[in-house]
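**Q** Just protein.cif, nothing more (mmCIF, N, CA and C atoms):
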```cif
data_query
loop_
_atom_site.label_atom_id
_atom_site.label_comp_id
_atom_site.auth_asym_id
_atom_site.auth_seq_id
_atom_site.Cartn_x
_atom_site.Cartn_y
_atom_site.Cartn_z
N MET A 29 -174.63 -7.76 62.49
CA MET A 29 -174.32 -7.55 61.09
C MET A 29 -174.54 -8.86 60.33
N LYS A 30 -175.21 -8.77 59.20
CA LYS A 30 -175.48 -9.94 58.34
C LYS A 30 -174.64 -9.81 57.09
N ILE A 31 -173.81 -10.82 56.83
CA ILE A 31 -172.99 -10.85 55.63
C ILE A 31 -173.82 -11.44 54.49
N ILE A 32 -173.82 -10.77 53.36
CA ILE A 32 -174.52 -11.23 52.16
C ILE A 32 -173.47 -11.79 51.20
N PRO A 33 -173.53 -13.09 50.90
CA PRO A 33 -172.53 -13.66 49.98
C PRO A 33 -172.62 -13.05 48.58
N VAL A 34 -171.47 -12.87 47.96
CA VAL A 34 -171.37 -12.28 46.63
C VAL A 34 -171.35 -13.40 45.59
N LYS A 35 -172.06 -13.19 44.48
CA LYS A 35 -172.05 -14.15 43.39
C LYS A 35 -170.92 -13.78 42.43
N TYR A 36 -169.98 -14.71 42.24
CA TYR A 36 -168.87 -14.52 41.31
C TYR A 36 -169.16 -15.31 40.05
N GLY A 37 -169.13 -14.65 38.92
CA GLY A 37 -169.44 -15.30 37.65
C GLY A 37 -168.19 -15.81 36.97
N LEU A 38 -168.26 -17.04 36.49
CA LEU A 38 -167.14 -17.65 35.77
C LEU A 38 -166.80 -16.83 34.53
N GLU A 39 -167.81 -16.22 33.91
CA GLU A 39 -167.57 -15.44 32.69
C GLU A 39 -166.67 -14.23 32.97
N ILE A 40 -166.85 -13.59 34.10
CA ILE A 40 -166.01 -12.44 34.47
C ILE A 40 -164.59 -12.91 34.77
N LEU A 41 -164.49 -13.99 35.52
CA LEU A 41 -163.17 -14.51 35.88
C LEU A 41 -162.40 -14.95 34.65
N LEU A 42 -163.08 -15.58 33.68
CA LEU A 42 -162.40 -16.01 32.45
C LEU A 42 -161.87 -14.83 31.65
N VAL A 43 -162.66 -13.79 31.53
CA VAL A 43 -162.22 -12.62 30.76
C VAL A 43 -161.05 -11.94 31.45
N VAL A 44 -161.18 -11.68 32.73
CA VAL A 44 -160.16 -10.92 33.45
C VAL A 44 -158.87 -11.71 33.60
N TYR A 45 -158.99 -12.96 34.03
CA TYR A 45 -157.77 -13.76 34.20
C TYR A 45 -157.27 -14.31 32.87
N GLY A 46 -158.13 -14.37 31.85
CA GLY A 46 -157.68 -14.73 30.51
C GLY A 46 -156.68 -13.72 29.99
N ALA A 47 -156.94 -12.45 30.25
CA ALA A 47 -156.01 -11.39 29.85
C ALA A 47 -154.67 -11.58 30.57
N PHE A 48 -154.73 -11.99 31.83
CA PHE A 48 -153.49 -12.23 32.59
C PHE A 48 -152.70 -13.38 31.96
N PHE A 49 -153.38 -14.47 31.64
CA PHE A 49 -152.68 -15.62 31.06
C PHE A 49 -152.12 -15.30 29.68
N PHE A 50 -152.80 -14.42 28.94
CA PHE A 50 -152.26 -13.96 27.67
C PHE A 50 -150.97 -13.18 27.90
N MET A 51 -150.94 -12.33 28.93
CA MET A 51 -149.72 -11.58 29.24
C MET A 51 -148.59 -12.53 29.64
N VAL A 52 -148.90 -13.56 30.40
CA VAL A 52 -147.88 -14.55 30.79
C VAL A 52 -147.32 -15.23 29.55
N TYR A 53 -148.20 -15.62 28.63
CA TYR A 53 -147.75 -16.26 27.39
C TYR A 53 -146.83 -15.32 26.62
N GLN A 54 -147.21 -14.06 26.50
CA GLN A 54 -146.38 -13.08 25.79
C GLN A 54 -145.05 -12.88 26.49
N TYR A 55 -145.06 -12.90 27.80
CA TYR A 55 -143.82 -12.72 28.57
C TYR A 55 -142.84 -13.84 28.26
N TYR A 56 -143.31 -15.07 28.21
CA TYR A 56 -142.40 -16.19 27.96
C TYR A 56 -141.90 -16.23 26.52
N SER A 57 -142.63 -15.61 25.61
CA SER A 57 -142.14 -15.56 24.23
C SER A 57 -141.09 -14.45 24.07
N GLU A 58 -141.14 -13.43 24.91
CA GLU A 58 -140.18 -12.33 24.87
C GLU A 58 -140.01 -11.74 26.28
N PRO A 59 -139.23 -12.40 27.16
CA PRO A 59 -139.14 -11.95 28.57
C PRO A 59 -138.51 -10.56 28.73
N LYS A 60 -139.19 -9.74 29.51
CA LYS A 60 -138.69 -8.41 29.85
C LYS A 60 -139.04 -8.18 31.32
N PRO A 61 -138.10 -7.69 32.12
CA PRO A 61 -138.37 -7.48 33.55
C PRO A 61 -139.54 -6.53 33.83
N VAL A 62 -139.70 -5.49 33.03
CA VAL A 62 -140.79 -4.53 33.24
C VAL A 62 -142.14 -5.23 33.05
N ALA A 63 -142.19 -6.14 32.07
CA ALA A 63 -143.43 -6.87 31.81
C ALA A 63 -143.82 -7.72 33.00
N LEU A 64 -142.85 -8.31 33.66
CA LEU A 64 -143.12 -9.13 34.84
C LEU A 64 -143.74 -8.29 35.96
N ILE A 65 -143.23 -7.09 36.14
CA ILE A 65 -143.76 -6.18 37.17
C ILE A 65 -145.19 -5.77 36.82
N ILE A 66 -145.43 -5.44 35.56
CA ILE A 66 -146.77 -5.05 35.12
C ILE A 66 -147.75 -6.20 35.31
N MET A 67 -147.33 -7.42 34.97
CA MET A 67 -148.20 -8.58 35.15
C MET A 67 -148.55 -8.79 36.62
N ALA A 68 -147.57 -8.67 37.48
CA ALA A 68 -147.82 -8.86 38.92
C ALA A 68 -148.78 -7.79 39.44
N LEU A 69 -148.57 -6.55 39.04
CA LEU A 69 -149.46 -5.47 39.48
C LEU A 69 -150.87 -5.66 38.95
N TYR A 70 -151.00 -6.08 37.70
CA TYR A 70 -152.31 -6.34 37.11
C TYR A 70 -153.03 -7.44 37.89
N PHE A 71 -152.32 -8.54 38.15
CA PHE A 71 -152.92 -9.66 38.87
C PHE A 71 -153.40 -9.25 40.27
N ILE A 72 -152.57 -8.50 40.98
CA ILE A 72 -152.93 -8.06 42.34
C ILE A 72 -154.12 -7.10 42.28
N PHE A 73 -154.08 -6.14 41.38
CA PHE A 73 -155.15 -5.15 41.27
C PHE A 73 -156.49 -5.82 40.93
N VAL A 74 -156.49 -6.68 39.93
CA VAL A 74 -157.72 -7.34 39.50
C VAL A 74 -158.27 -8.25 40.60
N THR A 75 -157.40 -8.97 41.26
CA THR A 75 -157.83 -9.87 42.33
C THR A 75 -158.47 -9.09 43.48
N ILE A 76 -157.87 -7.98 43.87
CA ILE A 76 -158.45 -7.17 44.94
C ILE A 76 -159.77 -6.54 44.48
N CYS A 77 -159.84 -6.09 43.23
CA CYS A 77 -161.08 -5.49 42.72
C CYS A 77 -162.22 -6.51 42.73
N ILE A 78 -161.95 -7.73 42.31
CA ILE A 78 -163.02 -8.72 42.23
C ILE A 78 -163.35 -9.31 43.59
N PHE A 79 -162.34 -9.77 44.30
CA PHE A 79 -162.61 -10.47 45.55
C PHE A 79 -162.67 -9.53 46.77
N GLY A 80 -162.49 -8.24 46.54
CA GLY A 80 -162.64 -7.26 47.60
C GLY A 80 -164.06 -6.75 47.74
N ILE A 81 -164.95 -7.20 46.87
CA ILE A 81 -166.35 -6.79 46.93
C ILE A 81 -167.04 -7.53 48.06
N ARG A 82 -167.72 -6.78 48.92
CA ARG A 82 -168.44 -7.36 50.06
C ARG A 82 -169.78 -6.65 50.21
N TYR A 83 -170.80 -7.41 50.60
CA TYR A 83 -172.10 -6.85 50.92
C TYR A 83 -172.46 -7.27 52.33
N SER A 84 -173.08 -6.35 53.07
CA SER A 84 -173.55 -6.70 54.41
C SER A 84 -174.72 -5.79 54.77
N ILE A 85 -175.49 -6.26 55.75
CA ILE A 85 -176.59 -5.47 56.29
C ILE A 85 -176.31 -5.28 57.76
N ASP A 86 -176.24 -4.03 58.18
CA ASP A 86 -176.01 -3.69 59.57
C ASP A 86 -177.15 -2.79 60.02
N ASN A 87 -178.03 -3.33 60.87
CA ASN A 87 -179.26 -2.66 61.27
C ASN A 87 -180.10 -2.40 60.03
N HIS A 88 -180.25 -1.16 59.61
CA HIS A 88 -181.05 -0.83 58.43
C HIS A 88 -180.19 -0.27 57.29
N ILE A 89 -178.90 -0.55 57.35
CA ILE A 89 -177.97 -0.05 56.33
C ILE A 89 -177.41 -1.20 55.50
N LEU A 90 -177.54 -1.10 54.17
CA LEU A 90 -176.91 -2.03 53.24
C LEU A 90 -175.54 -1.45 52.92
N LYS A 91 -174.49 -2.19 53.27
CA LYS A 91 -173.12 -1.72 53.03
C LYS A 91 -172.54 -2.50 51.86
N ILE A 92 -172.04 -1.77 50.88
CA ILE A 92 -171.44 -2.36 49.70
C ILE A 92 -169.99 -1.88 49.65
N ASN A 93 -169.06 -2.80 49.94
CA ASN A 93 -167.64 -2.47 49.91
C ASN A 93 -167.11 -2.86 48.55
N ASN A 94 -166.48 -1.92 47.89
CA ASN A 94 -166.06 -2.11 46.51
C ASN A 94 -164.54 -2.09 46.37
N GLY A 95 -163.84 -2.82 47.24
CA GLY A 95 -162.39 -2.94 47.14
C GLY A 95 -161.70 -1.60 47.16
N PHE A 96 -160.87 -1.36 46.14
CA PHE A 96 -160.11 -0.10 46.02
C PHE A 96 -161.01 1.12 45.86
N PHE A 97 -162.23 0.91 45.40
CA PHE A 97 -163.07 2.02 44.99
C PHE A 97 -164.02 2.51 46.08
N GLY A 98 -163.72 2.20 47.32
CA GLY A 98 -164.51 2.71 48.42
C GLY A 98 -165.72 1.87 48.75
N SER A 99 -166.68 2.50 49.39
CA SER A 99 -167.88 1.77 49.79
C SER A 99 -169.11 2.67 49.63
N THR A 100 -170.25 2.01 49.59
CA THR A 100 -171.52 2.71 49.50
C THR A 100 -172.41 2.20 50.62
N ASN A 101 -172.99 3.11 51.37
CA ASN A 101 -173.94 2.76 52.42
C ASN A 101 -175.32 3.25 52.00
N ILE A 102 -176.28 2.33 52.00
CA ILE A 102 -177.64 2.66 51.58
C ILE A 102 -178.60 2.38 52.73
N ASP A 103 -179.38 3.38 53.09
CA ASP A 103 -180.43 3.19 54.09
C ASP A 103 -181.52 2.35 53.43
N ILE A 104 -181.72 1.13 53.90
CA ILE A 104 -182.68 0.21 53.29
C ILE A 104 -184.08 0.80 53.27
N ARG A 105 -184.40 1.65 54.23
CA ARG A 105 -185.72 2.27 54.29
C ARG A 105 -185.94 3.26 53.14
N GLN A 106 -184.84 3.64 52.45
CA GLN A 106 -184.96 4.56 51.31
C GLN A 106 -184.93 3.85 49.97
N ILE A 107 -184.81 2.53 49.98
CA ILE A 107 -184.83 1.77 48.73
C ILE A 107 -186.26 1.75 48.21
N LYS A 108 -186.41 2.17 46.95
CA LYS A 108 -187.73 2.22 46.34
C LYS A 108 -188.04 0.93 45.58
N LYS A 109 -187.03 0.43 44.86
CA LYS A 109 -187.29 -0.68 43.97
C LYS A 109 -186.02 -1.50 43.78
N ILE A 110 -186.21 -2.80 43.55
CA ILE A 110 -185.11 -3.70 43.19
C ILE A 110 -185.59 -4.47 41.96
N GLU A 111 -184.74 -4.53 40.94
CA GLU A 111 -185.14 -5.29 39.76
C GLU A 111 -183.96 -6.00 39.13
N LYS A 112 -184.28 -7.10 38.47
CA LYS A 112 -183.28 -7.86 37.74
C LYS A 112 -182.77 -7.01 36.60
N THR A 113 -181.48 -7.10 36.30
CA THR A 113 -180.92 -6.31 35.22
C THR A 113 -179.86 -7.11 34.48
N TRP A 114 -179.70 -6.79 33.23
CA TRP A 114 -178.61 -7.35 32.41
C TRP A 114 -177.60 -6.25 32.12
N ASN A 115 -177.74 -5.13 32.79
CA ASN A 115 -176.86 -3.99 32.60
C ASN A 115 -175.42 -4.41 32.90
N ALA A 116 -174.54 -4.28 31.92
CA ALA A 116 -173.15 -4.69 32.08
C ALA A 116 -172.26 -3.54 32.55
N ILE A 117 -172.88 -2.47 33.01
CA ILE A 117 -172.12 -1.31 33.49
C ILE A 117 -171.17 -1.74 34.61
N ALA A 118 -170.03 -1.09 34.67
CA ALA A 118 -169.07 -1.38 35.73
C ALA A 118 -169.73 -1.12 37.08
N SER A 119 -169.67 -2.10 37.94
CA SER A 119 -170.35 -2.00 39.22
C SER A 119 -169.77 -3.05 40.16
N PRO A 120 -170.13 -2.97 41.44
CA PRO A 120 -169.67 -4.00 42.38
C PRO A 120 -170.48 -5.29 42.24
N ALA A 121 -170.53 -5.82 41.03
CA ALA A 121 -171.28 -7.05 40.72
C ALA A 121 -170.39 -7.93 39.86
N PRO A 122 -169.61 -8.83 40.47
CA PRO A 122 -168.67 -9.64 39.70
C PRO A 122 -169.31 -10.85 39.01
N SER A 123 -170.47 -10.65 38.43
CA SER A 123 -171.16 -11.68 37.66
C SER A 123 -172.09 -10.98 36.67
N LEU A 124 -172.18 -11.52 35.47
CA LEU A 124 -173.11 -10.94 34.51
C LEU A 124 -174.52 -11.49 34.70
N PHE A 125 -174.62 -12.64 35.34
CA PHE A 125 -175.90 -13.29 35.58
C PHE A 125 -176.28 -13.12 37.04
N GLY A 126 -177.54 -12.86 37.31
CA GLY A 126 -177.97 -12.70 38.69
C GLY A 126 -177.75 -11.29 39.23
N ARG A 127 -177.62 -10.33 38.33
CA ARG A 127 -177.44 -8.94 38.76
C ARG A 127 -178.79 -8.33 39.12
N VAL A 128 -178.78 -7.50 40.15
CA VAL A 128 -179.97 -6.75 40.52
C VAL A 128 -179.59 -5.29 40.66
N GLU A 129 -180.51 -4.43 40.25
CA GLU A 129 -180.29 -2.99 40.38
C GLU A 129 -181.16 -2.49 41.52
N ILE A 130 -180.52 -1.77 42.42
CA ILE A 130 -181.20 -1.22 43.60
C ILE A 130 -181.39 0.27 43.37
N PHE A 131 -182.63 0.71 43.42
CA PHE A 131 -182.97 2.13 43.23
C PHE A 131 -183.25 2.74 44.60
N TYR A 132 -182.54 3.78 44.92
CA TYR A 132 -182.72 4.48 46.20
C TYR A 132 -182.50 5.97 45.97
N GLY A 133 -183.32 6.79 46.62
CA GLY A 133 -183.24 8.23 46.36
C GLY A 133 -183.37 8.46 44.86
N ASN A 134 -182.44 9.21 44.27
CA ASN A 134 -182.42 9.39 42.82
C ASN A 134 -181.21 8.69 42.20
N LYS A 135 -180.73 7.65 42.87
CA LYS A 135 -179.55 6.90 42.44
C LYS A 135 -179.91 5.43 42.27
N SER A 136 -178.96 4.71 41.70
CA SER A 136 -179.09 3.25 41.64
C SER A 136 -177.70 2.63 41.65
N ILE A 137 -177.64 1.35 42.02
CA ILE A 137 -176.40 0.60 42.03
C ILE A 137 -176.72 -0.83 41.66
N VAL A 138 -175.80 -1.47 40.94
CA VAL A 138 -175.98 -2.86 40.51
C VAL A 138 -175.07 -3.75 41.35
N ILE A 139 -175.66 -4.81 41.91
CA ILE A 139 -174.89 -5.78 42.69
C ILE A 139 -175.29 -7.19 42.26
N SER A 140 -174.56 -8.19 42.75
CA SER A 140 -174.91 -9.58 42.43
C SER A 140 -174.85 -10.44 43.69
N PRO A 141 -175.94 -10.44 44.46
CA PRO A 141 -175.97 -11.31 45.64
C PRO A 141 -176.08 -12.78 45.22
N LYS A 142 -175.40 -13.63 45.95
CA LYS A 142 -175.38 -15.06 45.60
C LYS A 142 -176.75 -15.71 45.79
N ASN A 143 -177.41 -15.40 46.90
CA ASN A 143 -178.71 -16.00 47.18
C ASN A 143 -179.77 -14.90 47.11
N TRP A 144 -180.40 -14.78 45.94
CA TRP A 144 -181.36 -13.71 45.70
C TRP A 144 -182.52 -13.74 46.69
N GLU A 145 -183.11 -14.90 46.91
CA GLU A 145 -184.29 -15.00 47.78
C GLU A 145 -183.99 -14.54 49.20
N GLU A 146 -182.88 -15.00 49.73
CA GLU A 146 -182.50 -14.60 51.10
C GLU A 146 -182.23 -13.10 51.16
N PHE A 147 -181.53 -12.57 50.16
CA PHE A 147 -181.23 -11.14 50.12
C PHE A 147 -182.52 -10.33 50.08
N LYS A 148 -183.44 -10.73 49.19
CA LYS A 148 -184.73 -10.04 49.06
C LYS A 148 -185.49 -10.06 50.38
N GLN A 149 -185.55 -11.21 51.03
CA GLN A 149 -186.27 -11.32 52.30
C GLN A 149 -185.64 -10.45 53.38
N ASN A 150 -184.32 -10.38 53.41
CA ASN A 150 -183.64 -9.52 54.38
C ASN A 150 -184.03 -8.06 54.20
N LEU A 151 -184.07 -7.61 52.94
CA LEU A 151 -184.45 -6.21 52.68
C LEU A 151 -185.92 -5.96 52.98
N LEU A 152 -186.78 -6.89 52.56
CA LEU A 152 -188.22 -6.71 52.78
C LEU A 152 -188.59 -6.78 54.26
N SER A 153 -187.82 -7.50 55.06
CA SER A 153 -188.11 -7.54 56.50
C SER A 153 -187.83 -6.19 57.16
N ILE A 154 -186.94 -5.42 56.56
CA ILE A 154 -186.62 -4.09 57.09
C ILE A 154 -187.55 -3.04 56.50
N SER A 155 -187.83 -3.17 55.19
CA SER A 155 -188.68 -2.20 54.50
C SER A 155 -189.64 -2.93 53.56
N PRO A 156 -190.82 -3.29 54.05
CA PRO A 156 -191.77 -4.04 53.23
C PRO A 156 -192.34 -3.26 52.03
N SER A 157 -192.09 -1.98 51.96
CA SER A 157 -192.62 -1.17 50.85
C SER A 157 -191.77 -1.24 49.58
N ILE A 158 -190.65 -1.97 49.61
CA ILE A 158 -189.77 -2.07 48.44
C ILE A 158 -190.51 -2.84 47.34
N ILE A 159 -190.49 -2.27 46.14
CA ILE A 159 -191.08 -2.93 44.97
C ILE A 159 -190.03 -3.86 44.39
N VAL A 160 -190.40 -5.13 44.19
CA VAL A 160 -189.46 -6.13 43.68
C VAL A 160 -189.92 -6.59 42.29
N ASN A 161 -189.07 -6.36 41.29
CA ASN A 161 -189.33 -6.82 39.93
C ASN A 161 -188.22 -7.78 39.55
N TYR A 162 -188.41 -9.05 39.81
CA TYR A 162 -187.39 -10.05 39.48
C TYR A 162 -188.02 -11.30 38.95
#
```
Render the structure in this file as structure tokens.
**A**
Amino acid sequence: MKIIPVKYGLEILLVVYGAFFFMVYQYYSEPKPVALIIMALYFIFVTICIFGIRYSIDNHILKINNGFFGSTNIDIRQIKKIEKTWNAIASPAPSLFGRVEIFYGNKSIVISPKNWEEFKQNLLSISPSIIVNY
């Protein structure tokens, strides 16, 4: 099994954890026990959603683990095309920069591998017919 490092974008972390720090500020201006519980649950949920994302290649299967939201297994031999995207759609891509969209079957998924060249070479070594637009 080959682990593919995930690219984490500072812009995503600032937005998501910025909301948390805003809640902390509001809590200290008007403390309420329920607010403390909501803040803790928000922090745990967001942290697991962002840092629970994992990519790996096992034989000819690209595995995308999406934290709470399950996982997606893609047969690399069925990938038709990979292209750079700025699509900000919710996806297992915790970065706005360096996103790639993988087209397979009649579906697609957006991810953000940390090392694009290595990721591309890993896929092309399994299926050289993949069209790469990056």
**Q** For Met29 in chain A, list every protein, DNA or RNA residue within 8 Å, evaluated using only N, CA and C atoms, and leave out those in the same chain fewer than 4 positions away; present the list as a count of residues only.
**A** 4
**Q** I'd like the interatomic distance between CA of Ile72 in chain A and CA of Pro122 in chain A, to a tenth of an Å.
**A** 16.0 Å
**Q** So that I can see what lies close to range 126-141 of chain A, please list as a ChimeraX atom specification the residues with an atom at most 12 Å from it, counting only C-alpha atoms and leaving out residues fewer than 2 positions away in the same chain.
**A** /A:31-37,78,81-84,90-94,99-124,143-148,150-151,158-162
**Q** From the DSSP assignment of the backbone, select every residue of range 58-142 of chain A that is strand (DSSP E or B), and format the answer as a ChimeraX atom specification.
**A** /A:81-86,89-94,99-103,107-112,128-132,135-139,141
**Q** Got time to write the residues from that selection, N, CA and C atoms, as a CSV table (one decimal), in the frame of the given file?
**A**
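Result file result.csv:
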```
chain,number,residue,atom,x,y,z
A,81,ILE,N,-165.0,-7.2,46.9
A,81,ILE,CA,-166.4,-6.8,46.9
A,81,ILE,C,-167.0,-7.5,48.1
A,82,ARG,N,-167.7,-6.8,48.9
A,82,ARG,CA,-168.4,-7.4,50.1
A,82,ARG,C,-169.8,-6.6,50.2
A,83,TYR,N,-170.8,-7.4,50.6
A,83,TYR,CA,-172.1,-6.8,50.9
A,83,TYR,C,-172.5,-7.3,52.3
A,84,SER,N,-173.1,-6.4,53.1
A,84,SER,CA,-173.6,-6.7,54.4
A,84,SER,C,-174.7,-5.8,54.8
A,85,ILE,N,-175.5,-6.3,55.8
A,85,ILE,CA,-176.6,-5.5,56.3
A,85,ILE,C,-176.3,-5.3,57.8
A,86,ASP,N,-176.2,-4.0,58.2
A,86,ASP,CA,-176.0,-3.7,59.6
A,86,ASP,C,-177.2,-2.8,60.0
A,89,ILE,N,-178.9,-0.6,57.4
A,89,ILE,CA,-178.0,0.0,56.3
A,89,ILE,C,-177.4,-1.2,55.5
A,90,LEU,N,-177.5,-1.1,54.2
A,90,LEU,CA,-176.9,-2.0,53.2
A,90,LEU,C,-175.5,-1.4,52.9
A,91,LYS,N,-174.5,-2.2,53.3
A,91,LYS,CA,-173.1,-1.7,53.0
A,91,LYS,C,-172.5,-2.5,51.9
A,92,ILE,N,-172.0,-1.8,50.9
A,92,ILE,CA,-171.4,-2.4,49.7
A,92,ILE,C,-170.0,-1.9,49.6
A,93,ASN,N,-169.1,-2.8,49.9
A,93,ASN,CA,-167.6,-2.5,49.9
A,93,ASN,C,-167.1,-2.9,48.6
A,94,ASN,N,-166.5,-1.9,47.9
A,94,ASN,CA,-166.1,-2.1,46.5
A,94,ASN,C,-164.5,-2.1,46.4
A,99,SER,N,-166.7,2.5,49.4
A,99,SER,CA,-167.9,1.8,49.8
A,99,SER,C,-169.1,2.7,49.6
A,100,THR,N,-170.2,2.0,49.6
A,100,THR,CA,-171.5,2.7,49.5
A,100,THR,C,-172.4,2.2,50.6
A,101,ASN,N,-173.0,3.1,51.4
A,101,ASN,CA,-173.9,2.8,52.4
A,101,ASN,C,-175.3,3.2,52.0
A,102,ILE,N,-176.3,2.3,52.0
A,102,ILE,CA,-177.6,2.7,51.6
A,102,ILE,C,-178.6,2.4,52.7
A,103,ASP,N,-179.4,3.4,53.1
A,103,ASP,CA,-180.4,3.2,54.1
A,103,ASP,C,-181.5,2.4,53.4
A,107,ILE,N,-184.8,2.5,50.0
A,107,ILE,CA,-184.8,1.8,48.7
A,107,ILE,C,-186.3,1.8,48.2
A,108,LYS,N,-186.4,2.2,47.0
A,108,LYS,CA,-187.7,2.2,46.3
A,108,LYS,C,-188.0,0.9,45.6
A,109,LYS,N,-187.0,0.4,44.9
A,109,LYS,CA,-187.3,-0.7,44.0
A,109,LYS,C,-186.0,-1.5,43.8
A,110,ILE,N,-186.2,-2.8,43.6
A,110,ILE,CA,-185.1,-3.7,43.2
A,110,ILE,C,-185.6,-4.5,42.0
A,111,GLU,N,-184.7,-4.5,40.9
A,111,GLU,CA,-185.1,-5.3,39.8
A,111,GLU,C,-184.0,-6.0,39.1
A,112,LYS,N,-184.3,-7.1,38.5
A,112,LYS,CA,-183.3,-7.9,37.7
A,112,LYS,C,-182.8,-7.0,36.6
A,128,VAL,N,-178.8,-7.5,40.2
A,128,VAL,CA,-180.0,-6.8,40.5
A,128,VAL,C,-179.6,-5.3,40.7
A,129,GLU,N,-180.5,-4.4,40.2
A,129,GLU,CA,-180.3,-3.0,40.4
A,129,GLU,C,-181.2,-2.5,41.5
A,130,ILE,N,-180.5,-1.8,42.4
A,130,ILE,CA,-181.2,-1.2,43.6
A,130,ILE,C,-181.4,0.3,43.4
A,131,PHE,N,-182.6,0.7,43.4
A,131,PHE,CA,-183.0,2.1,43.2
A,131,PHE,C,-183.2,2.7,44.6
A,132,TYR,N,-182.5,3.8,44.9
A,132,TYR,CA,-182.7,4.5,46.2
A,132,TYR,C,-182.5,6.0,46.0
A,135,LYS,N,-180.7,7.6,42.9
A,135,LYS,CA,-179.6,6.9,42.4
A,135,LYS,C,-179.9,5.4,42.3
A,136,SER,N,-179.0,4.7,41.7
A,136,SER,CA,-179.1,3.2,41.6
A,136,SER,C,-177.7,2.6,41.6
A,137,ILE,N,-177.6,1.4,42.0
A,137,ILE,CA,-176.4,0.6,42.0
A,137,ILE,C,-176.7,-0.8,41.7
A,138,VAL,N,-175.8,-1.5,40.9
A,138,VAL,CA,-176.0,-2.9,40.5
A,138,VAL,C,-175.1,-3.8,41.4
A,139,ILE,N,-175.7,-4.8,41.9
A,139,ILE,CA,-174.9,-5.8,42.7
A,139,ILE,C,-175.3,-7.2,42.3
A,141,PRO,N,-175.9,-10.4,44.5
A,141,PRO,CA,-176.0,-11.3,45.6
A,141,PRO,C,-176.1,-12.8,45.2
```
**Q** Please evaluate the PyMOL selection byres (((chain A and resi 43-60 and name CA) around 12) and name CA) against the structure above and give the resulting residues as a ChimeraX atom specification.
**A** /A:37-42,61-75,77-78,122-124
**Q** Do you have the atom C of Ile154 in chain A-CA of Lys30 in chain A distance handy?
**A** 14.0 Å
**Q** Please measure the separation of CA of His88 in chain A and atom N of Ser155 in chain A, giving the value in Å to one decimal.
**A**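 Atom-to-atom, CA of His88 in chain A and atom N of Ser155 in chain A are spaced 7.9 Å apart.
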**Q** Build an axis-aligned box that encloses every atom of range 143-154 of chain A listed in the file, pad it by 3 Å on each side, and report its centre and edge lengths in Å to one decimal, as AutoDock Vina command-line options.
**A**
```
--center_x -183.0 --center_y -9.5 --center_z 51.4 --size_x 17.2 --size_y 19.0 --size_z 17.5
```
